[in-house]
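This report refers to the structure that appears directly beneath it.
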Amino acid sequence: MIGAVQLGLLAAFIVVLVPMGLAGWHLSRHKMLFFSGALFITLAVAVHLSPYFPSLSDFLPPSTLSASFPVEKSENRDSCLSLLHRIEWDSYESNGTTVLSWRWDRSDSDVSACEFQRLRRADALDLLNGSWVVVAGDSQARLFVLSLLNLMLGESEMESVRGDLFKRHSDYRIVVDRVGTKLDFIWAPYVTNLTDVVSNLNRNRGCPDVLVMGSGLWHMLHVTSSVDYGASLQVLSGSVMSMLIRPIGIAPDITPGASCGGRSQPHIFWLDMPTLINSMLNTEEKREKMSNATQNEYHWRLRSSKLLRQSKGPFLLLDMRSLSKDCGVRCTEDGMHYDGIVYQAAVHIMLNALLIESRQKL
């Protein structure tokens, strides 16, 4: 390196500086012309010699440039989202009663690296502070709401909540005053009802911060057509996508603008149907129409409907099918509705997904 610099300087001295000095002697009466020429030639020399000198970055430690601008890679975030359902179940006996528990799989290094955590009440309230949460669906969605409120509220508050929340086939609304969180449960047993919910949000220019939807059990029992179910899921997906890609209340033929009426896009979740244990279903009609084969057909229609993110849809899956299957017969009395701990796991999966997507840590 040093030899190259010396050679360059010598060449510049002979080729440029010596003739410039001689010309300067003749141009002594024209000092402005002389100094202008000198400046031009000096800059030209500097440009030609600059490749021989190390750059500024060579003198800085390797981490200095990158550490100043931390970037979270989206593939890492997506990877953690895909691991949220890596849950293991355990049970133990206490005073003659079987106690169930769950946790994320500690033996999986990828899961451990994501640092999933069960949120405490204060953490959940802080995360949902000032948010509007809408949960729409059937009895599974109602049980999900119950578990979420169990986390957010004290036992004394929950006594009144349970009676109001479980009024047959009704909506429910509550505001958690101390953090300004509003939660709406909307009774919507069919997917067509969910599409109506989205249409009403559009019509009223409403954009919740968190939207949880799930339906299918009533359709399986009373319609029993997986083809019709899949078609209704596609309509719902299109309705939700239209809410996200144009201002709410604006006609589809108008140029799309800010998503969800200018607000940030909501976090959208699909609450899947649980695994049905056919032999435990409490009526002959349910055992006949909600067979294992029918369940698999409905599940396949969901996966191929372009509703879920795995198929480029808007919904992030809360996989009640796998959660309930892994917990098994010990977690249900009627083969359809599961113990609260299963919905508790789904709630914590959702909350951890919110932390990941909003790039927050507790």
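Following the order of the structure tokens, first chain is A, next is B, and so on, with residues numbered from 1 inside each chain and ligands from 1 in the order they appear.
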Counting only C-alpha atoms, which residues in region 266-362 of chain A sit no more than 10 Å from region 133-141 of chain A? For each one, give the nearest pair of atoms and the distance in Å, sorted by chain then residue number, as CSV.
residue,atom,partner,partner_atom,distance
A:Pro266,CA,A:Val133,CA,9.5
A:His267,CA,A:Val133,CA,9.5
A:Ile268,CA,A:Val134,CA,9.7
A:Phe269,CA,A:Val135,CA,9.3
A:Trp270,CA,A:Gly137,CA,9.8
A:Leu271,CA,A:Ala141,CA,7.2
A:Asp272,CA,A:Gln140,CA,8.8
A:Met273,CA,A:Gln140,CA,7.6
A:Pro274,CA,A:Gln140,CA,8.2
A:Met320,CA,A:Gln140,CA,9.2
A:Met336,CA,A:Gln140,CA,9.0
A:His337,CA,A:Gln140,CA,7.1
A:Tyr338,CA,A:Gln140,CA,8.8
A:Tyr343,CA,A:Gln140,CA,8.5
Generate a file of the selected residues that holds N, CA and C atoms, formatted as a PDB file, in the first residue's frame.
ATOM      1  N   PRO A 266     -56.269  -3.479  11.859  1.00  0.00           N
ATOM      2  CA  PRO A 266     -56.535  -4.272  13.058  1.00  0.00           C
ATOM      3  C   PRO A 266     -55.777  -5.595  13.018  1.00  0.00           C
ATOM      4  N   HIS A 267     -55.570  -6.176  14.186  1.00  0.00           N
ATOM      5  CA  HIS A 267     -55.008  -7.522  14.291  1.00  0.00           C
ATOM      6  C   HIS A 267     -56.182  -8.496  14.211  1.00  0.00           C
ATOM      7  N   ILE A 268     -56.154  -9.403  13.248  1.00  0.00           N
ATOM      8  CA  ILE A 268     -57.313 -10.232  12.933  1.00  0.00           C
ATOM      9  C   ILE A 268     -56.973 -11.708  13.165  1.00  0.00           C
ATOM     10  N   PHE A 269     -57.843 -12.390  13.926  1.00  0.00           N
ATOM     11  CA  PHE A 269     -57.608 -13.788  14.294  1.00  0.00           C
ATOM     12  C   PHE A 269     -58.832 -14.633  13.942  1.00  0.00           C
ATOM     13  N   TRP A 270     -58.552 -15.879  13.541  1.00  0.00           N
ATOM     14  CA  TRP A 270     -59.622 -16.851  13.302  1.00  0.00           C
ATOM     15  C   TRP A 270     -59.570 -17.911  14.388  1.00  0.00           C
ATOM     16  N   LEU A 271     -60.664 -18.052  15.131  1.00  0.00           N
ATOM     17  CA  LEU A 271     -60.777 -19.044  16.187  1.00  0.00           C
ATOM     18  C   LEU A 271     -61.336 -20.325  15.571  1.00  0.00           C
ATOM     19  N   ASP A 272     -60.468 -21.284  15.374  1.00  0.00           N
ATOM     20  CA  ASP A 272     -60.841 -22.522  14.692  1.00  0.00           C
ATOM     21  C   ASP A 272     -61.804 -23.352  15.546  1.00  0.00           C
ATOM     22  N   MET A 273     -62.558 -24.238  14.896  1.00  0.00           N
ATOM     23  CA  MET A 273     -63.408 -25.174  15.633  1.00  0.00           C
ATOM     24  C   MET A 273     -62.536 -26.159  16.403  1.00  0.00           C
ATOM     25  N   PRO A 274     -62.979 -26.594  17.582  1.00  0.00           N
ATOM     26  CA  PRO A 274     -62.208 -27.567  18.343  1.00  0.00           C
ATOM     27  C   PRO A 274     -62.347 -28.966  17.739  1.00  0.00           C
ATOM     28  N   MET A 320     -57.634 -23.907  17.684  1.00  0.00           N
ATOM     29  CA  MET A 320     -58.345 -24.642  18.718  1.00  0.00           C
ATOM     30  C   MET A 320     -58.407 -26.133  18.404  1.00  0.00           C
ATOM     31  N   MET A 336     -67.364 -31.338  22.928  1.00  0.00           N
ATOM     32  CA  MET A 336     -67.439 -30.158  22.056  1.00  0.00           C
ATOM     33  C   MET A 336     -66.929 -28.901  22.754  1.00  0.00           C
ATOM     34  N   HIS A 337     -67.353 -28.661  23.960  1.00  0.00           N
ATOM     35  CA  HIS A 337     -66.928 -27.501  24.739  1.00  0.00           C
ATOM     36  C   HIS A 337     -65.864 -27.956  25.725  1.00  0.00           C
ATOM     37  N   TYR A 338     -64.747 -27.256  25.740  1.00  0.00           N
ATOM     38  CA  TYR A 338     -63.595 -27.693  26.530  1.00  0.00           C
ATOM     39  C   TYR A 338     -63.447 -26.870  27.796  1.00  0.00           C
ATOM     40  N   TYR A 343     -59.087 -22.605  26.406  1.00  0.00           N
ATOM     41  CA  TYR A 343     -59.331 -21.260  25.871  1.00  0.00           C
ATOM     42  C   TYR A 343     -58.331 -20.267  26.470  1.00  0.00           C
TER      43      TYR A 343
END
Mind dumping a table of every region 122-199 of chain A residue within 12 Å of region 98-118 of chain A, with the nearest atom pair and its distance in Å to one decimal, using only C-alpha atoms, sorted by chain and rising number, as a tab-separated table?
residue	atom	partner	partner_atom	distance
A:Ala122	CA	A:Arg118	CA	11.5
A:Asp123	CA	A:Arg118	CA	9.3
A:Ala124	CA	A:Arg118	CA	9.5
A:Leu151	CA	A:Arg118	CA	10.5
For this session: Using backbone DSSP assignments, extract all helix (DSSP H, G or I) residues from region 63-187 of chain A; output them as a count of residues only.
Result: 52
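For the set A:Arg309, A:Arg142, A:Arg203, A:His348, the residue with the smallest atom-to-atom gap to Ser82 (chain A) is A:Arg309, counting only C-alpha atoms.
Counting only C-alpha atoms, Leu194 (chain A) has the following residues at most 10 Å away, ignoring those fewer than 3 positions along the same chain: Ala136, Gly137, Ile186, Trp187, Ala188, Pro189, Tyr190, Val191, Val197, Val198, Ser199, Asn200, Met213, Gly214, Ser215, Ser232, Leu233, Leu236, Ser239 and Val240 of chain A.
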For the residues in that selection, give me all heavy atoms as a CSV table (one decimal), in the first residue's frame.
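Final output, result-v4.csv:
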chain,number,residue,atom,x,y,z
A,136,ALA,N,-66.4,-12.2,17.6
A,136,ALA,CA,-67.7,-12.6,17.0
A,136,ALA,C,-67.7,-14.0,16.7
A,136,ALA,O,-66.7,-14.5,16.1
A,136,ALA,CB,-68.0,-11.7,15.7
A,137,GLY,N,-68.8,-14.7,17.0
A,137,GLY,CA,-68.8,-16.2,16.7
A,137,GLY,C,-69.9,-16.9,17.5
A,137,GLY,O,-70.8,-16.3,18.0
A,186,ILE,N,-70.1,-10.5,19.8
A,186,ILE,CA,-71.3,-10.5,18.9
A,186,ILE,C,-71.6,-11.9,18.6
A,186,ILE,O,-70.8,-12.7,18.1
A,186,ILE,CB,-70.9,-9.7,17.6
A,186,ILE,CG1,-70.5,-8.3,18.0
A,186,ILE,CG2,-72.1,-9.7,16.7
A,186,ILE,CD1,-70.0,-7.5,16.8
A,187,TRP,N,-72.9,-12.3,18.9
A,187,TRP,CA,-73.3,-13.7,18.7
A,187,TRP,C,-73.5,-13.8,17.1
A,187,TRP,O,-74.3,-13.1,16.5
A,187,TRP,CB,-74.7,-13.9,19.4
A,187,TRP,CG,-75.3,-15.2,19.0
A,187,TRP,CD1,-76.5,-15.3,18.3
A,187,TRP,CD2,-74.9,-16.5,19.3
A,187,TRP,NE1,-76.8,-16.7,18.2
A,187,TRP,CE2,-75.9,-17.4,18.8
A,187,TRP,CE3,-73.8,-17.0,20.0
A,187,TRP,CZ2,-75.7,-18.8,18.9
A,187,TRP,CZ3,-73.7,-18.4,20.1
A,187,TRP,CH2,-74.6,-19.3,19.6
A,188,ALA,N,-72.7,-14.7,16.6
A,188,ALA,CA,-72.7,-14.9,15.1
A,188,ALA,C,-72.4,-16.4,14.8
A,188,ALA,O,-71.3,-16.8,14.5
A,188,ALA,CB,-71.7,-14.0,14.4
A,189,PRO,N,-73.4,-17.3,14.9
A,189,PRO,CA,-73.2,-18.7,14.8
A,189,PRO,C,-72.8,-19.2,13.4
A,189,PRO,O,-72.3,-20.3,13.2
A,189,PRO,CB,-74.5,-19.3,15.3
A,189,PRO,CG,-75.5,-18.3,15.0
A,189,PRO,CD,-74.8,-17.0,15.2
A,190,TYR,N,-73.1,-18.4,12.4
A,190,TYR,CA,-72.8,-18.8,11.0
A,190,TYR,C,-71.8,-17.8,10.4
A,190,TYR,O,-71.8,-16.7,10.8
A,190,TYR,CB,-74.1,-18.9,10.1
A,190,TYR,CG,-75.1,-19.9,10.5
A,190,TYR,CD1,-76.2,-19.6,11.3
A,190,TYR,CD2,-74.9,-21.2,10.1
A,190,TYR,CE1,-77.1,-20.6,11.7
A,190,TYR,CE2,-75.8,-22.2,10.5
A,190,TYR,CZ,-76.9,-21.9,11.3
A,190,TYR,OH,-77.8,-22.9,11.6
A,191,VAL,N,-71.1,-18.3,9.4
A,191,VAL,CA,-70.1,-17.5,8.7
A,191,VAL,C,-70.8,-16.3,8.0
A,191,VAL,O,-70.2,-15.2,8.0
A,191,VAL,CB,-69.3,-18.3,7.7
A,191,VAL,CG1,-68.3,-17.4,7.0
A,191,VAL,CG2,-68.5,-19.4,8.4
A,197,VAL,N,-71.3,-8.9,10.2
A,197,VAL,CA,-70.6,-8.1,11.2
A,197,VAL,C,-69.5,-7.2,10.5
A,197,VAL,O,-69.4,-6.0,10.8
A,197,VAL,CB,-69.8,-9.0,12.2
A,197,VAL,CG1,-68.9,-8.2,13.1
A,197,VAL,CG2,-70.8,-9.7,13.1
A,198,VAL,N,-68.8,-7.7,9.5
A,198,VAL,CA,-67.8,-6.9,8.8
A,198,VAL,C,-68.5,-5.8,8.0
A,198,VAL,O,-68.1,-4.7,8.0
A,198,VAL,CB,-67.0,-7.8,7.9
A,198,VAL,CG1,-66.1,-7.0,7.0
A,198,VAL,CG2,-66.2,-8.8,8.7
A,199,SER,N,-69.7,-6.1,7.4
A,199,SER,CA,-70.4,-5.1,6.7
A,199,SER,C,-70.9,-4.0,7.6
A,199,SER,O,-70.8,-2.8,7.2
A,199,SER,CB,-71.6,-5.8,6.0
A,199,SER,OG,-71.2,-6.7,5.0
A,200,ASN,N,-71.3,-4.4,8.8
A,200,ASN,CA,-71.7,-3.3,9.7
A,200,ASN,C,-70.6,-2.4,10.2
A,200,ASN,O,-70.7,-1.2,10.3
A,200,ASN,CB,-72.4,-4.0,10.9
A,200,ASN,CG,-73.8,-4.6,10.6
A,200,ASN,OD1,-74.4,-4.1,9.7
A,200,ASN,ND2,-74.2,-5.6,11.4
A,213,MET,N,-62.7,-13.8,15.1
A,213,MET,CA,-63.9,-14.4,14.6
A,213,MET,C,-63.7,-15.9,14.5
A,213,MET,O,-62.6,-16.4,14.4
A,213,MET,CB,-64.1,-13.9,13.2
A,213,MET,CG,-64.6,-12.4,13.1
A,213,MET,SD,-65.0,-11.9,11.4
A,213,MET,CE,-66.1,-10.5,11.8
A,214,GLY,N,-64.9,-16.6,14.6
A,214,GLY,CA,-64.8,-18.1,14.5
A,214,GLY,C,-66.2,-18.6,14.4
A,214,GLY,O,-67.1,-18.2,15.2
A,215,SER,N,-66.5,-19.5,13.5
A,215,SER,CA,-67.8,-20.1,13.4
A,215,SER,C,-67.7,-21.4,12.6
A,215,SER,O,-66.8,-21.6,11.8
A,215,SER,CB,-68.7,-19.1,12.7
A,215,SER,OG,-70.0,-19.7,12.6
A,232,SER,N,-68.7,-19.8,1.9
A,232,SER,CA,-69.0,-18.7,2.8
A,232,SER,C,-67.8,-18.1,3.4
A,232,SER,O,-67.7,-16.9,3.6
A,232,SER,CB,-70.0,-19.1,3.9
A,232,SER,OG,-69.4,-20.2,4.7
A,233,LEU,N,-66.8,-19.0,3.6
A,233,LEU,CA,-65.5,-18.5,4.1
A,233,LEU,C,-64.8,-17.6,3.1
A,233,LEU,O,-64.2,-16.6,3.5
A,233,LEU,CB,-64.6,-19.7,4.5
A,233,LEU,CG,-64.9,-20.5,5.7
A,233,LEU,CD1,-64.0,-21.7,5.9
A,233,LEU,CD2,-64.9,-19.7,7.0
A,236,LEU,N,-66.4,-14.2,3.2
A,236,LEU,CA,-66.0,-13.5,4.4
A,236,LEU,C,-64.6,-12.9,4.2
A,236,LEU,O,-64.3,-11.8,4.5
A,236,LEU,CB,-66.0,-14.4,5.6
A,236,LEU,CG,-65.4,-13.9,6.9
A,236,LEU,CD1,-66.1,-12.6,7.4
A,236,LEU,CD2,-65.3,-14.9,8.0
A,239,SER,N,-64.7,-9.9,2.1
A,239,SER,CA,-65.3,-8.8,2.8
A,239,SER,C,-64.2,-8.1,3.7
A,239,SER,O,-64.2,-6.9,3.8
A,239,SER,CB,-66.5,-9.2,3.6
A,239,SER,OG,-67.1,-8.2,4.3
A,240,VAL,N,-63.5,-9.0,4.4
A,240,VAL,CA,-62.5,-8.4,5.4
A,240,VAL,C,-61.4,-7.7,4.6
A,240,VAL,O,-60.9,-6.7,5.0
A,240,VAL,CB,-61.9,-9.5,6.2
A,240,VAL,CG1,-60.7,-9.0,7.1
A,240,VAL,CG2,-63.0,-10.1,7.2
For this session: Pick out the closest residue to Trp89 (chain A) from this set: A:Asp171, A:Asp326, A:Glu297, A:Glu357. Count only C-alpha atoms.
Result: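 Looking only at the distances to Trp89 (chain A), the closest residue turns out to be A:Asp326.
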For this session: Calculate how many Å separate CA of Leu323 (chain A) from CA of Val342 (chain A), rounding to one decimal.
Result: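 These two atoms are separated by 6.6 Å.
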Problem set entry | DSSP strand (DSSP E or B) selection over region 50-297 of chain A, as a PyMOL selection string | chain A and resi 87-94+97-104+132-137+172-176+181-187+210-214+267-271
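Non-sequential neighbours of Gly335 (chain A) (distance at most 10 Å, separation of 3 or more positions within a chain, only C-alpha atoms) are A:Pro274, A:Thr275, A:Leu276, A:Ile277, A:Asn278, A:Ser279, A:Met280, A:Leu281, A:Asn282, A:Ser324, A:Gly328, A:Val329, A:Arg330, A:Cys331, A:Thr332, A:Tyr338.
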